[in-house]
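Printed here is model_2.cif (mmCIF, C-alpha atoms):
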```cif
data_my_file
#
loop_
_atom_site.label_atom_id
_atom_site.label_comp_id
_atom_site.auth_asym_id
_atom_site.auth_seq_id
_atom_site.Cartn_x
_atom_site.Cartn_y
_atom_site.Cartn_z
CA MET W 1 -6.53 97.77 187.43
CA ALA W 2 -4.57 94.58 188.06
CA GLY W 3 -0.86 94.75 188.75
CA LEU W 4 2.26 92.69 189.32
CA VAL W 5 2.26 89.30 191.00
CA HIS W 6 5.40 90.38 192.88
CA PRO W 7 5.08 94.17 193.20
CA GLU W 8 7.87 94.78 195.74
CA SER W 9 10.15 91.80 196.43
CA ILE W 10 12.81 91.21 193.81
CA GLU W 11 13.88 88.11 195.74
CA LEU W 12 10.44 86.52 195.38
CA TRP W 13 10.38 87.43 191.70
CA ARG W 14 13.79 85.82 191.15
CA ASP W 15 12.66 82.65 192.93
CA TRP W 16 9.63 82.51 190.62
CA ALA W 17 11.74 83.15 187.51
CA ARG W 18 14.17 80.39 188.49
CA SER W 19 11.29 77.99 189.01
CA ARG W 20 10.25 78.70 185.42
CA GLY W 21 13.75 78.34 184.02
CA GLY W 22 14.17 82.05 183.42
CA LEU W 23 17.25 82.62 185.60
CA PRO W 24 20.35 80.59 186.47
CA ARG W 25 20.03 78.40 189.52
CA ARG W 26 20.95 80.17 192.72
CA ARG W 27 23.80 77.96 193.90
CA GLY W 28 26.23 78.46 191.05
CA SER W 29 25.39 82.09 190.35
CA VAL W 30 25.77 83.12 193.99
CA ALA W 31 29.03 81.22 194.37
CA ASP W 32 30.46 82.91 191.29
CA ALA W 33 29.33 86.31 192.55
CA VAL W 34 30.95 85.77 195.95
CA ARG W 35 34.25 84.74 194.37
CA THR W 36 34.13 87.77 192.10
CA LEU W 37 33.40 90.26 194.90
CA ARG W 38 36.00 88.78 197.25
CA GLY W 39 38.62 88.28 194.58
CA THR W 40 39.14 84.73 195.85
CA ARG W 41 38.82 82.55 192.79
CA GLY W 42 40.38 79.18 193.40
CA ARG W 43 43.68 78.22 191.86
CA ASP W 44 41.93 75.83 189.51
CA ASP W 45 39.51 78.50 188.26
CA HIS W 46 40.45 79.70 184.80
CA TRP W 47 40.87 83.44 184.46
CA GLU W 48 38.07 85.01 182.43
CA GLU W 49 38.09 88.23 180.44
CA PRO W 50 36.28 91.13 182.12
CA ARG W 51 32.52 90.72 181.77
CA TRP W 52 31.55 94.40 181.59
CA VAL W 53 32.63 97.47 179.67
CA LEU W 54 32.20 101.04 180.89
CA HIS W 55 31.68 103.51 178.02
CA SER W 56 32.21 107.11 179.18
CA ARG W 57 31.53 110.47 177.55
CA GLU W 58 32.14 113.91 178.98
CA GLY W 59 29.31 116.42 179.21
CA GLU W 60 28.81 120.16 179.35
CA THR W 61 28.24 120.02 183.12
CA SER W 62 29.93 118.21 185.97
CA ALA W 63 26.91 116.00 186.69
CA ARG W 64 27.03 112.39 185.48
CA VAL W 65 24.45 109.68 184.93
CA VAL W 66 25.04 105.95 184.50
CA ILE W 67 23.01 103.95 181.99
CA GLY W 68 22.79 100.18 182.28
CA LEU W 69 22.25 98.02 179.19
CA GLU W 70 21.24 94.36 179.24
CA ASP W 71 21.36 93.84 175.46
CA ALA W 72 21.56 95.67 172.14
CA SER W 73 18.02 94.93 170.96
CA PRO W 74 16.22 97.73 169.08
CA ARG W 75 13.86 98.25 172.02
CA SER W 76 16.66 98.58 174.56
CA ARG W 77 18.65 100.94 172.37
CA ALA W 78 15.60 103.07 171.62
CA ALA W 79 14.68 103.40 175.30
CA LEU W 80 18.14 103.80 176.82
CA LEU W 81 20.44 105.19 174.12
CA ALA W 82 18.26 107.28 171.80
CA PHE W 83 18.19 110.14 174.34
CA LEU W 84 22.00 110.43 174.42
CA PRO W 85 22.11 113.27 171.82
CA TYR W 86 19.78 115.31 174.05
CA LEU W 87 21.85 114.94 177.23
CA ARG W 88 24.19 117.72 178.33
CA VAL W 89 25.45 115.92 181.42
CA GLY W 90 28.29 113.42 181.41
CA VAL W 91 27.30 109.86 180.58
CA ASP W 92 28.61 106.44 181.56
CA VAL W 93 27.10 103.35 179.92
CA ILE W 94 27.71 99.94 181.49
CA ALA W 95 27.10 97.02 179.14
CA PRO W 96 28.05 93.35 178.89
CA ARG W 97 31.33 92.67 177.13
CA GLY W 98 30.81 92.06 173.43
CA LEU W 99 27.68 94.16 173.18
CA ILE W 100 27.73 96.29 170.01
CA ALA W 101 25.68 99.47 169.83
CA PRO W 102 26.33 102.09 167.14
CA GLU W 103 25.36 104.84 169.58
CA LEU W 104 28.47 104.05 171.65
CA GLY W 105 30.93 104.37 168.78
CA GLY W 106 33.06 107.35 167.89
CA HIS W 107 35.93 109.31 169.38
CA ASP W 108 33.84 110.94 172.11
CA TRP W 109 33.75 107.69 174.06
CA ARG W 110 36.47 106.11 176.15
CA ARG W 111 36.22 102.55 177.43
CA ARG W 112 37.35 100.50 180.43
CA ALA W 113 36.75 96.84 181.21
CA PHE W 114 35.50 95.57 184.56
CA GLU W 115 34.77 92.15 185.99
CA SER W 116 31.96 93.48 188.19
CA ALA W 117 29.18 95.80 187.02
CA ARG W 118 29.02 97.24 190.54
CA ASP W 119 32.70 98.21 190.41
CA ALA W 120 32.12 99.90 187.05
CA VAL W 121 29.78 102.55 188.51
CA PRO W 122 31.88 105.74 188.78
CA SER W 123 32.22 107.38 192.18
CA ASP W 124 30.88 110.72 190.87
CA ALA W 125 27.66 109.28 189.45
CA ALA W 126 24.47 111.09 190.48
CA ALA W 127 21.89 108.70 189.04
CA VAL W 128 21.40 105.36 187.32
CA VAL W 129 19.09 104.74 184.36
CA THR W 130 18.09 101.18 183.43
CA ALA W 131 15.28 99.03 182.10
CA GLY W 132 14.67 97.72 185.63
CA GLN W 133 16.27 95.33 188.09
CA GLY W 134 15.25 92.07 186.41
CA GLY W 135 18.54 91.68 184.52
CA PRO W 136 22.10 91.51 185.85
CA THR W 137 23.12 95.01 184.75
CA GLY W 138 20.05 96.68 186.21
CA ALA W 139 20.25 94.64 189.41
CA ALA W 140 23.85 95.70 189.95
CA LEU W 141 23.24 99.39 189.23
CA HIS W 142 20.16 99.73 191.42
CA SER W 143 21.97 97.93 194.23
CA VAL W 144 24.72 100.54 194.00
CA ALA W 145 22.17 103.36 193.78
CA GLU W 146 20.43 102.21 196.95
CA ARG W 147 23.71 101.86 198.83
CA ARG W 148 25.06 105.27 197.74
CA GLY W 149 21.78 107.17 197.76
CA LEU W 150 21.79 107.83 194.01
CA GLN W 151 18.65 108.59 192.04
CA SER W 152 17.12 105.62 190.20
CA PHE W 153 15.35 105.91 186.84
CA VAL W 154 13.63 103.03 185.08
CA VAL W 155 12.68 103.39 181.40
CA GLN W 156 10.09 100.98 180.05
CA THR W 157 11.51 98.96 177.16
CA ASP W 158 8.82 96.34 176.57
CA VAL W 159 5.19 95.47 177.17
CA LEU W 160 4.31 94.65 180.80
CA THR W 161 2.69 91.46 182.10
CA PRO W 162 1.82 90.63 185.72
CA TYR W 163 5.06 88.66 185.86
CA ALA W 164 7.38 91.61 185.19
CA ALA W 165 10.08 92.27 187.77
CA PRO W 166 9.16 94.77 190.51
CA LEU W 167 10.53 98.29 190.35
CA PRO W 168 13.45 99.42 192.53
CA ALA W 169 12.62 101.37 195.66
CA GLU W 170 12.12 105.14 195.25
CA ALA W 171 12.51 104.92 191.47
CA THR W 172 11.32 107.44 188.90
CA VAL W 173 9.43 105.44 186.26
CA LEU W 174 9.39 106.62 182.63
CA SER W 175 6.59 104.54 181.14
CA TRP W 176 4.87 104.21 177.79
CA SER W 177 1.51 105.31 179.18
CA ALA W 178 -0.29 106.26 182.39
CA ASP W 179 -2.01 102.86 182.36
CA ASP W 180 1.35 101.08 182.19
CA ALA W 181 2.68 103.26 185.01
CA ASP W 182 -0.26 102.43 187.29
CA PHE W 183 0.01 98.75 186.40
CA TRP W 184 3.75 98.65 187.12
CA ARG W 185 3.38 100.56 190.38
CA SER W 186 0.79 98.06 191.65
CA GLY W 187 -0.35 100.30 194.52
CA ARG W 188 3.10 101.31 195.76
CA GLU W 189 3.55 104.86 197.12
CA ASP W 190 7.34 105.21 196.88
CA LEU W 191 7.54 105.67 193.11
CA THR W 192 7.42 108.74 190.84
CA LEU W 193 5.46 108.06 187.65
CA LEU W 194 6.01 109.85 184.34
CA ALA W 195 4.26 108.72 181.16
CA VAL W 196 6.61 109.70 178.31
CA GLY W 197 5.68 107.27 175.53
CA SER W 198 7.68 104.57 173.75
CA GLN W 199 10.68 105.78 171.77
CA ARG W 200 10.69 102.55 169.79
CA LEU W 201 7.08 102.97 168.69
CA TRP W 202 7.70 106.67 168.04
CA GLN W 203 10.59 105.80 165.73
CA LEU W 204 8.56 103.22 163.83
CA GLY W 205 5.56 105.52 163.55
CA HIS W 206 7.71 108.29 162.12
CA HIS W 207 9.56 105.97 159.73
CA SER W 208 6.50 104.15 158.40
CA GLY W 209 7.32 102.32 155.19
CA GLU W 210 11.07 102.84 155.62
CA ASP W 211 13.77 100.54 156.90
CA ASP W 212 13.78 100.09 160.66
CA PRO W 213 16.13 102.82 161.97
CA ALA W 214 17.06 100.86 165.09
CA VAL W 215 17.89 97.50 163.52
CA GLU W 216 20.43 98.67 160.95
CA GLY W 217 23.93 97.70 161.95
CA THR W 218 22.99 95.46 164.87
CA GLY W 219 22.33 92.11 163.29
CA LYS W 220 19.50 91.65 165.77
CA GLY W 221 16.14 90.08 165.12
CA ARG W 222 13.51 88.97 167.57
CA GLY W 223 14.74 88.78 171.14
CA GLY W 224 14.46 85.54 173.06
CA GLY W 225 12.25 84.99 176.05
CA GLY W 226 13.23 84.01 179.54
CA ARG W 227 13.95 80.34 178.80
CA GLY W 228 14.71 77.93 176.03
CA GLY W 229 11.26 76.88 174.84
CA GLU W 230 10.58 73.37 176.05
CA GLU W 231 6.94 72.96 175.14
CA VAL W 232 6.32 69.61 173.54
CA ALA W 233 6.29 67.36 176.56
CA GLU W 234 5.61 69.82 179.32
CA THR W 235 2.52 71.83 180.21
CA ARG W 236 2.60 74.63 182.76
CA SER W 237 -0.17 76.06 184.81
CA ASP W 238 -0.19 79.79 185.48
CA ASP W 239 1.32 79.28 188.92
CA GLY W 240 4.36 77.53 187.46
CA ALA W 241 3.39 73.91 188.16
CA GLY W 242 4.43 71.49 185.43
CA THR W 243 2.70 68.38 184.13
CA ARG W 244 3.32 66.13 181.16
CA ALA W 245 1.28 66.70 178.03
CA ASP W 246 1.01 65.59 174.41
CA ALA W 247 3.17 67.42 171.92
CA GLY W 248 0.46 68.26 169.47
CA ALA W 249 -1.67 70.48 171.69
CA ASP W 250 -4.48 69.70 169.27
CA ALA W 251 -7.08 69.95 172.01
CA SER W 252 -6.56 73.71 171.99
CA ASP W 253 -7.21 74.08 168.26
CA GLU W 254 -10.77 75.23 168.67
CA GLY W 255 -11.72 78.88 168.88
CA VAL W 256 -10.14 80.55 165.86
CA ASP W 257 -12.07 83.74 165.36
CA ASP W 258 -11.86 83.66 161.56
CA HIS W 259 -9.99 81.57 159.03
CA VAL W 260 -7.14 83.44 157.38
CA ASP W 261 -7.57 83.82 153.64
CA PRO W 262 -5.05 81.34 152.20
CA THR W 263 -4.73 83.45 149.03
CA SER W 264 -3.46 86.50 150.89
CA VAL W 265 0.03 87.64 149.99
CA PRO W 266 2.15 87.59 152.01
CA SER W 267 0.72 85.00 154.40
CA PRO W 268 0.44 85.95 158.08
CA VAL W 269 3.25 85.13 160.50
CA VAL W 270 2.60 83.71 163.95
CA LEU W 271 5.23 85.05 166.35
CA GLY W 272 6.45 82.27 168.61
CA GLN W 273 5.87 82.45 172.36
CA LEU W 274 7.12 79.01 173.47
CA SER W 275 9.93 80.59 175.50
CA ARG W 276 7.72 83.07 177.39
CA ILE W 277 8.02 82.05 181.01
CA GLU W 278 4.69 83.70 181.86
CA LEU W 279 2.68 81.40 179.60
CA PRO W 280 1.80 77.71 179.97
CA SER W 281 3.54 75.94 177.10
CA ARG W 282 0.35 74.16 176.06
CA LEU W 283 -1.40 77.53 175.66
CA ALA W 284 1.40 78.96 173.52
CA ALA W 285 1.60 75.85 171.33
CA GLY W 286 -2.16 75.54 171.03
CA ALA W 287 -2.57 79.15 169.93
CA ALA W 288 0.10 78.74 167.25
CA SER W 289 -1.33 75.39 166.08
CA SER W 290 -4.87 76.71 165.77
CA PHE W 291 -3.85 79.75 163.74
CA CYS W 292 -1.29 78.01 161.53
CA ARG W 293 -3.37 74.94 160.68
CA ASP W 294 -4.12 74.13 157.07
CA GLY W 295 -0.96 75.99 156.01
CA VAL W 296 -2.55 79.44 156.06
CA ALA W 297 0.12 81.04 158.28
CA ARG W 298 3.82 80.69 158.92
CA TYR W 299 5.51 80.29 162.31
CA LEU W 300 8.44 82.43 163.43
CA PRO W 301 10.19 81.05 166.54
CA GLU W 302 11.54 83.35 169.21
CA ALA W 303 15.31 83.37 169.48
CA GLY W 304 14.93 81.50 172.79
CA GLU W 305 13.17 78.50 171.23
CA THR W 306 16.34 76.42 171.03
CA GLY W 307 15.62 73.60 173.49
CA ARG W 308 15.18 70.01 172.40
CA LEU W 309 11.45 70.01 173.05
CA ALA W 310 10.91 73.28 171.20
CA ARG W 311 12.81 71.95 168.19
CA THR W 312 10.67 68.80 168.28
CA GLN W 313 7.56 70.96 168.26
CA HIS W 314 8.89 72.87 165.25
CA ARG W 315 9.50 69.60 163.37
CA LEU W 316 6.00 68.41 164.23
CA TRP W 317 4.52 71.58 162.75
CA GLU W 318 6.64 71.19 159.63
CA ARG W 319 5.34 67.63 159.16
CA ARG W 320 1.84 69.10 159.27
CA GLY W 321 2.69 71.45 156.43
CA ILE W 322 3.34 74.58 158.51
CA GLU W 323 6.31 76.65 157.36
CA VAL W 324 8.71 77.38 160.22
CA LEU W 325 10.85 80.43 159.50
CA PRO W 326 14.44 80.84 160.72
CA ALA W 327 14.54 81.74 164.41
CA GLY W 328 15.49 85.31 165.17
CA THR W 329 14.19 86.76 161.90
CA ASP W 330 12.97 90.31 162.46
CA PRO W 331 9.23 90.19 161.66
CA LEU W 332 9.32 93.82 160.54
CA THR W 333 11.50 92.78 157.61
CA LEU W 334 8.90 90.26 156.40
CA ARG W 335 6.33 92.98 155.59
CA ALA W 336 3.60 90.50 156.54
CA PRO W 337 0.64 90.54 158.94
CA VAL W 338 1.59 89.19 162.36
CA VAL W 339 -0.30 87.46 165.16
CA SER W 340 0.87 86.63 168.66
CA ILE W 341 -0.16 86.44 172.31
CA LEU W 342 2.08 88.90 174.15
CA ALA W 343 4.68 90.05 171.63
CA ALA W 344 5.46 93.77 171.47
CA GLU W 345 5.86 93.31 167.71
CA VAL W 346 2.07 93.46 167.47
CA LEU W 347 2.30 97.13 168.44
CA GLU W 348 5.42 97.70 166.35
CA VAL W 349 3.83 96.38 163.17
CA ALA W 350 0.69 98.41 163.89
CA ALA W 351 2.82 101.54 164.42
CA ARG W 352 4.17 101.11 160.89
CA GLY W 353 0.67 100.77 159.46
CA GLY W 354 0.72 96.98 159.09
CA GLU W 355 -1.86 94.41 160.14
CA ALA W 356 -1.39 92.77 163.54
CA TRP W 357 -3.64 90.71 165.82
CA VAL W 358 -3.60 88.64 169.00
CA HIS W 359 -4.85 85.08 169.31
CA ALA W 360 -4.94 82.70 172.29
CA PRO W 361 -8.00 80.48 172.75
CA GLY W 362 -8.49 79.70 176.45
CA ALA W 363 -6.09 82.38 177.65
CA PRO W 364 -6.32 83.41 181.34
CA GLY W 365 -7.96 86.69 182.32
CA TRP W 366 -4.70 88.59 182.72
CA VAL W 367 -3.93 88.05 179.03
CA HIS W 368 -7.24 89.68 178.08
CA GLU W 369 -6.45 92.61 180.42
CA PHE W 370 -3.06 92.88 178.70
CA TRP W 371 -4.71 93.04 175.29
CA HIS W 372 -7.13 95.71 176.50
CA ARG W 373 -4.38 97.84 178.06
CA TYR W 374 -2.43 97.93 174.80
CA GLY W 375 -5.41 98.15 172.46
CA MET W 376 -4.53 94.84 170.79
CA ARG W 377 -7.29 93.28 168.68
CA ARG W 378 -8.21 89.71 167.87
CA HIS W 379 -8.08 88.48 164.31
CA GLY W 380 -10.62 90.16 162.09
CA THR W 381 -9.99 93.73 163.22
CA PRO W 382 -6.38 94.97 162.91
CA THR W 383 -4.75 96.46 165.97
CA PRO W 384 -4.76 100.27 165.56
CA ALA W 385 -1.51 102.18 165.54
CA PRO W 386 -0.58 103.23 169.09
CA ALA W 387 -1.18 106.85 170.03
CA MET W 388 1.97 108.95 169.79
CA PRO W 389 2.98 111.74 172.19
CA GLU W 390 3.53 115.20 170.75
CA GLU W 391 7.10 115.30 172.05
CA GLU W 392 9.66 112.69 171.08
CA PRO W 393 10.04 110.37 174.11
CA ALA W 394 13.84 110.49 173.92
CA ALA W 395 13.83 114.27 174.30
CA ARG W 396 11.41 114.06 177.22
CA ILE W 397 13.46 111.37 178.96
CA ALA W 398 16.65 113.43 178.65
CA ARG W 399 14.95 116.51 180.05
CA GLU W 400 13.39 114.67 183.00
CA VAL W 401 16.68 113.00 183.92
CA GLU W 402 18.70 116.22 183.67
CA ASN W 403 16.16 118.25 185.64
CA ARG W 404 16.26 115.81 188.52
CA VAL W 405 19.99 115.21 188.46
CA GLU W 406 20.76 118.93 188.39
CA GLY W 407 18.10 119.77 190.99
CA GLY W 408 15.72 121.50 188.60
CA ALA W 409 12.71 119.34 189.46
#
```

Render the structure in this file as structure tokens.
Amino acid sequence: MAGLVHPESIELWRDWARSRGGLPRRRGSVADAVRTLRGTRGRDDHWEEPRWVLHSREGETSARVVIGLEDASPRSRAALLAFLPYLRVGVDVIAPRGLIAPELGGHDWRRRAFESARDAVPSDAAAVVTAGQGGPTGAALHSVAERRGLQSFVVQTDVLTPYAAPLPAEATVLSWSADDADFWRSGREDLTLLAVGSQRLWQLGHHSGEDDPAVEGTGKGRGGGGRGGEEVAETRSDDGAGTRADAGADASDEGVDDHVDPTSVPSPVVLGQLSRIELPSRLAAGAASSFCRDGVARYLPEAGETGRLARTQHRLWERRGIEVLPAGTDPLTLRAPVVSILAAEVLEVAARGGEAWVHAPGAPGWVHEFWHRYGMRRHGTPTPAPAMPEEEPAARIAREVENRVEGGA
């Protein structure tokens, strides 16, 4: 089975992500970090409010675990907060300032603000639990864990492509499936792999036909990708090289498996992928164009499709008669069939019993491997609902973390 392009070096992965516009440029971000750690902001630097909040709750035992949140998306909350009711140990949750998660409300929680996520990690922490080290919260927590010798847990929150960030050293990985665990490990021998299932898919599968239990109260729709989608005038190769290209991407229109029935109600929704840093922009635009042509499907931009070129592409589609829905709309609320290239919503819609497909004429081989690993189907045969574990993933995650933190494993 194929694996990650950068299976071990987080530095190489960050360099790649920056080259694709997925991370801030090194110079400014490093300078800001140095000033923060040293406490030597210049006199002309304006004071900023603390960037992180530590949410703390006491437990039934003296052991404590630290959970790192990057955002309050339904997937993140399902993976990293849904197991809180099952935990008996003390819990500390580090999240960006302004993040709102209903799970962290109530009188059981006390809060403190910090300017550095590293400084927010309590001295009595025994382990850190994150979605990985690709984001700032996870990077900070796993850096602290390595320095202090704490246990590291990584819970899978999303589908995995070859361009996912590498796992932290010596981590225990709580994945959706054994195939995902092997893929993420990419031949490494320092990791502990546990296939526990996806809490998000478990929730949707057990609330089929009901309102999404994770979205209520968050105001969150589709999450953005790694960059503002600038597709119209730029084409990327798979290795990140950029060349200029025509906005229409009409050359990629061939290869639709079947025409969508224009009389179907509601019409299918193509989930935007222009801001996915793993995909060449021409491929993402061509796939959407070929499926949406003739007005038989609507287009739903990712939240990250806010760049000038992405907006131009949206206007071009609208002139061709394609309906472009408001960015950030949760596709689960549309109650419509969905089609995409890499979006996890394909599995989420299938888990609720809806119709979902993948579509990308001319996609590279790794995309086809991705579809196979997740059981995603091309248009014509709906993607089947993902298999569900017998035990709720949140309960399993809590038990595995507690056993290892308290020495029971």

Starting from the shown file, work through the PyMOL selection byres ((chain W and resi 68) around 12) and note down what comes out as an NGL selection string.
:W and (52-55 or 65-67 or 69-72 or 76-77 or 79-81 or 91-96 or 99 or 117-118 or 120-121 or 127-142 or 144-145 or 152-155)

Using only C-alpha atoms, give me every residue within 6 Å of (-5.9, 97.4, 163.9) in file coordinates, as a PyMOL selection string.
chain W and resi 381-384

Counting all atoms listed in the file, what are the residues of range 284-324 of chain W within 12 Å of range 362-370 of chain W, and for each of them which pair of atoms is the nearest and at what distance in Å, to one decimal? Sort the table by chain and rising number, as a tab-separated table.
```
residue	atom	partner	partner_atom	distance
W:Ala284	CA	W:Ala363	CA	9.2
W:Ala285	CA	W:Ala363	CA	11.9
W:Gly286	CA	W:Gly362	CA	9.3
W:Ala287	CA	W:Gly362	CA	8.8
W:Ser290	CA	W:Gly362	CA	11.7
```

Among the residues W:Gly105, W:Gly272, W:Pro166, W:Gly149, the one that comes closest to Thr306 in chain W [using all atoms listed in the file]
W:Gly272

Test item: residues at most 10 Å from range 175-177 of chain W, all atoms listed in the file, excluding those fewer than 4 positions along its chain, as a PyMOL selection string:
chain W and resi 154-159+181-184+193-199+201+373-374+387-389+393+397

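Compared by their closest atoms to Gly106 in chain W, and using all atoms listed in the file, the residues W:Thr61, W:Ser289, W:Ser56, W:Gln151 rank with W:Ser56 nearest.
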
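You can rank W:Thr312, W:Gly205, W:Arg298, W:Phe291 by their closest distance to Arg378 in chain W using all atoms listed in the file, and at the top of that list sits W:Phe291.
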
CA of Arg51 in chain W to CA of Leu174 in chain W: how many Å, to one decimal?
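Interatomic distance here is 28.1 Å.
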
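The closest residue to Pro280 in chain W, picked from W:Arg308, W:Gln313, W:Ala360, W:Arg352 and counting all atoms listed in the file, is W:Ala360.
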
Kindly write range 126-164 of chain W with C-alpha atoms to a file, as a PDB file, in the first residue's frame.
```pdb
ATOM      1  CA  ALA W 126       0.858  12.832  31.346  1.00  0.00           C
ATOM      2  CA  ALA W 127      -0.141  12.797  27.681  1.00  0.00           C
ATOM      3  CA  VAL W 128      -1.224  14.951  24.750  1.00  0.00           C
ATOM      4  CA  VAL W 129      -4.046  14.105  22.341  1.00  0.00           C
ATOM      5  CA  THR W 130      -4.321  15.934  19.006  1.00  0.00           C
ATOM      6  CA  ALA W 131      -5.259  15.552  15.364  1.00  0.00           C
ATOM      7  CA  GLY W 132      -1.553  15.535  14.456  1.00  0.00           C
ATOM      8  CA  GLN W 133       1.316  17.980  14.181  1.00  0.00           C
ATOM      9  CA  GLY W 134       0.256  19.698  10.946  1.00  0.00           C
ATOM     10  CA  GLY W 135      -1.496  22.579  12.716  1.00  0.00           C
ATOM     11  CA  PRO W 136      -0.124  25.081  15.237  1.00  0.00           C
ATOM     12  CA  THR W 137      -1.835  23.578  18.290  1.00  0.00           C
ATOM     13  CA  GLY W 138      -0.735  20.038  17.522  1.00  0.00           C
ATOM     14  CA  ALA W 139       2.785  21.136  16.620  1.00  0.00           C
ATOM     15  CA  ALA W 140       3.155  22.936  19.940  1.00  0.00           C
ATOM     16  CA  LEU W 141       1.762  20.081  22.036  1.00  0.00           C
ATOM     17  CA  HIS W 142       3.820  17.340  20.414  1.00  0.00           C
ATOM     18  CA  SER W 143       6.933  19.489  20.745  1.00  0.00           C
ATOM     19  CA  VAL W 144       6.259  19.729  24.476  1.00  0.00           C
ATOM     20  CA  ALA W 145       5.497  16.002  24.676  1.00  0.00           C
ATOM     21  CA  GLU W 146       8.806  15.110  23.053  1.00  0.00           C
ATOM     22  CA  ARG W 147      10.756  17.452  25.312  1.00  0.00           C
ATOM     23  CA  ARG W 148       9.068  16.251  28.534  1.00  0.00           C
ATOM     24  CA  GLY W 149       8.715  12.593  27.610  1.00  0.00           C
ATOM     25  CA  LEU W 150       4.901  12.655  27.614  1.00  0.00           C
ATOM     26  CA  GLN W 151       2.796  10.141  25.725  1.00  0.00           C
ATOM     27  CA  SER W 152       1.514  11.308  22.329  1.00  0.00           C
ATOM     28  CA  PHE W 153      -1.852  10.289  20.884  1.00  0.00           C
ATOM     29  CA  VAL W 154      -3.080  11.240  17.425  1.00  0.00           C
ATOM     30  CA  VAL W 155      -6.766  10.803  16.566  1.00  0.00           C
ATOM     31  CA  GLN W 156      -7.677  10.765  12.887  1.00  0.00           C
ATOM     32  CA  THR W 157     -10.134  13.551  12.078  1.00  0.00           C
ATOM     33  CA  ASP W 158     -10.260  13.478   8.282  1.00  0.00           C
ATOM     34  CA  VAL W 159      -9.548  11.379   5.223  1.00  0.00           C
ATOM     35  CA  LEU W 160      -5.843  10.814   4.488  1.00  0.00           C
ATOM     36  CA  THR W 161      -3.998  11.645   1.263  1.00  0.00           C
ATOM     37  CA  PRO W 162      -0.293  11.101   0.520  1.00  0.00           C
ATOM     38  CA  TYR W 163       0.242  14.755   1.391  1.00  0.00           C
ATOM     39  CA  ALA W 164      -0.935  14.504   5.004  1.00  0.00           C
TER      40      ALA W 164
END
```
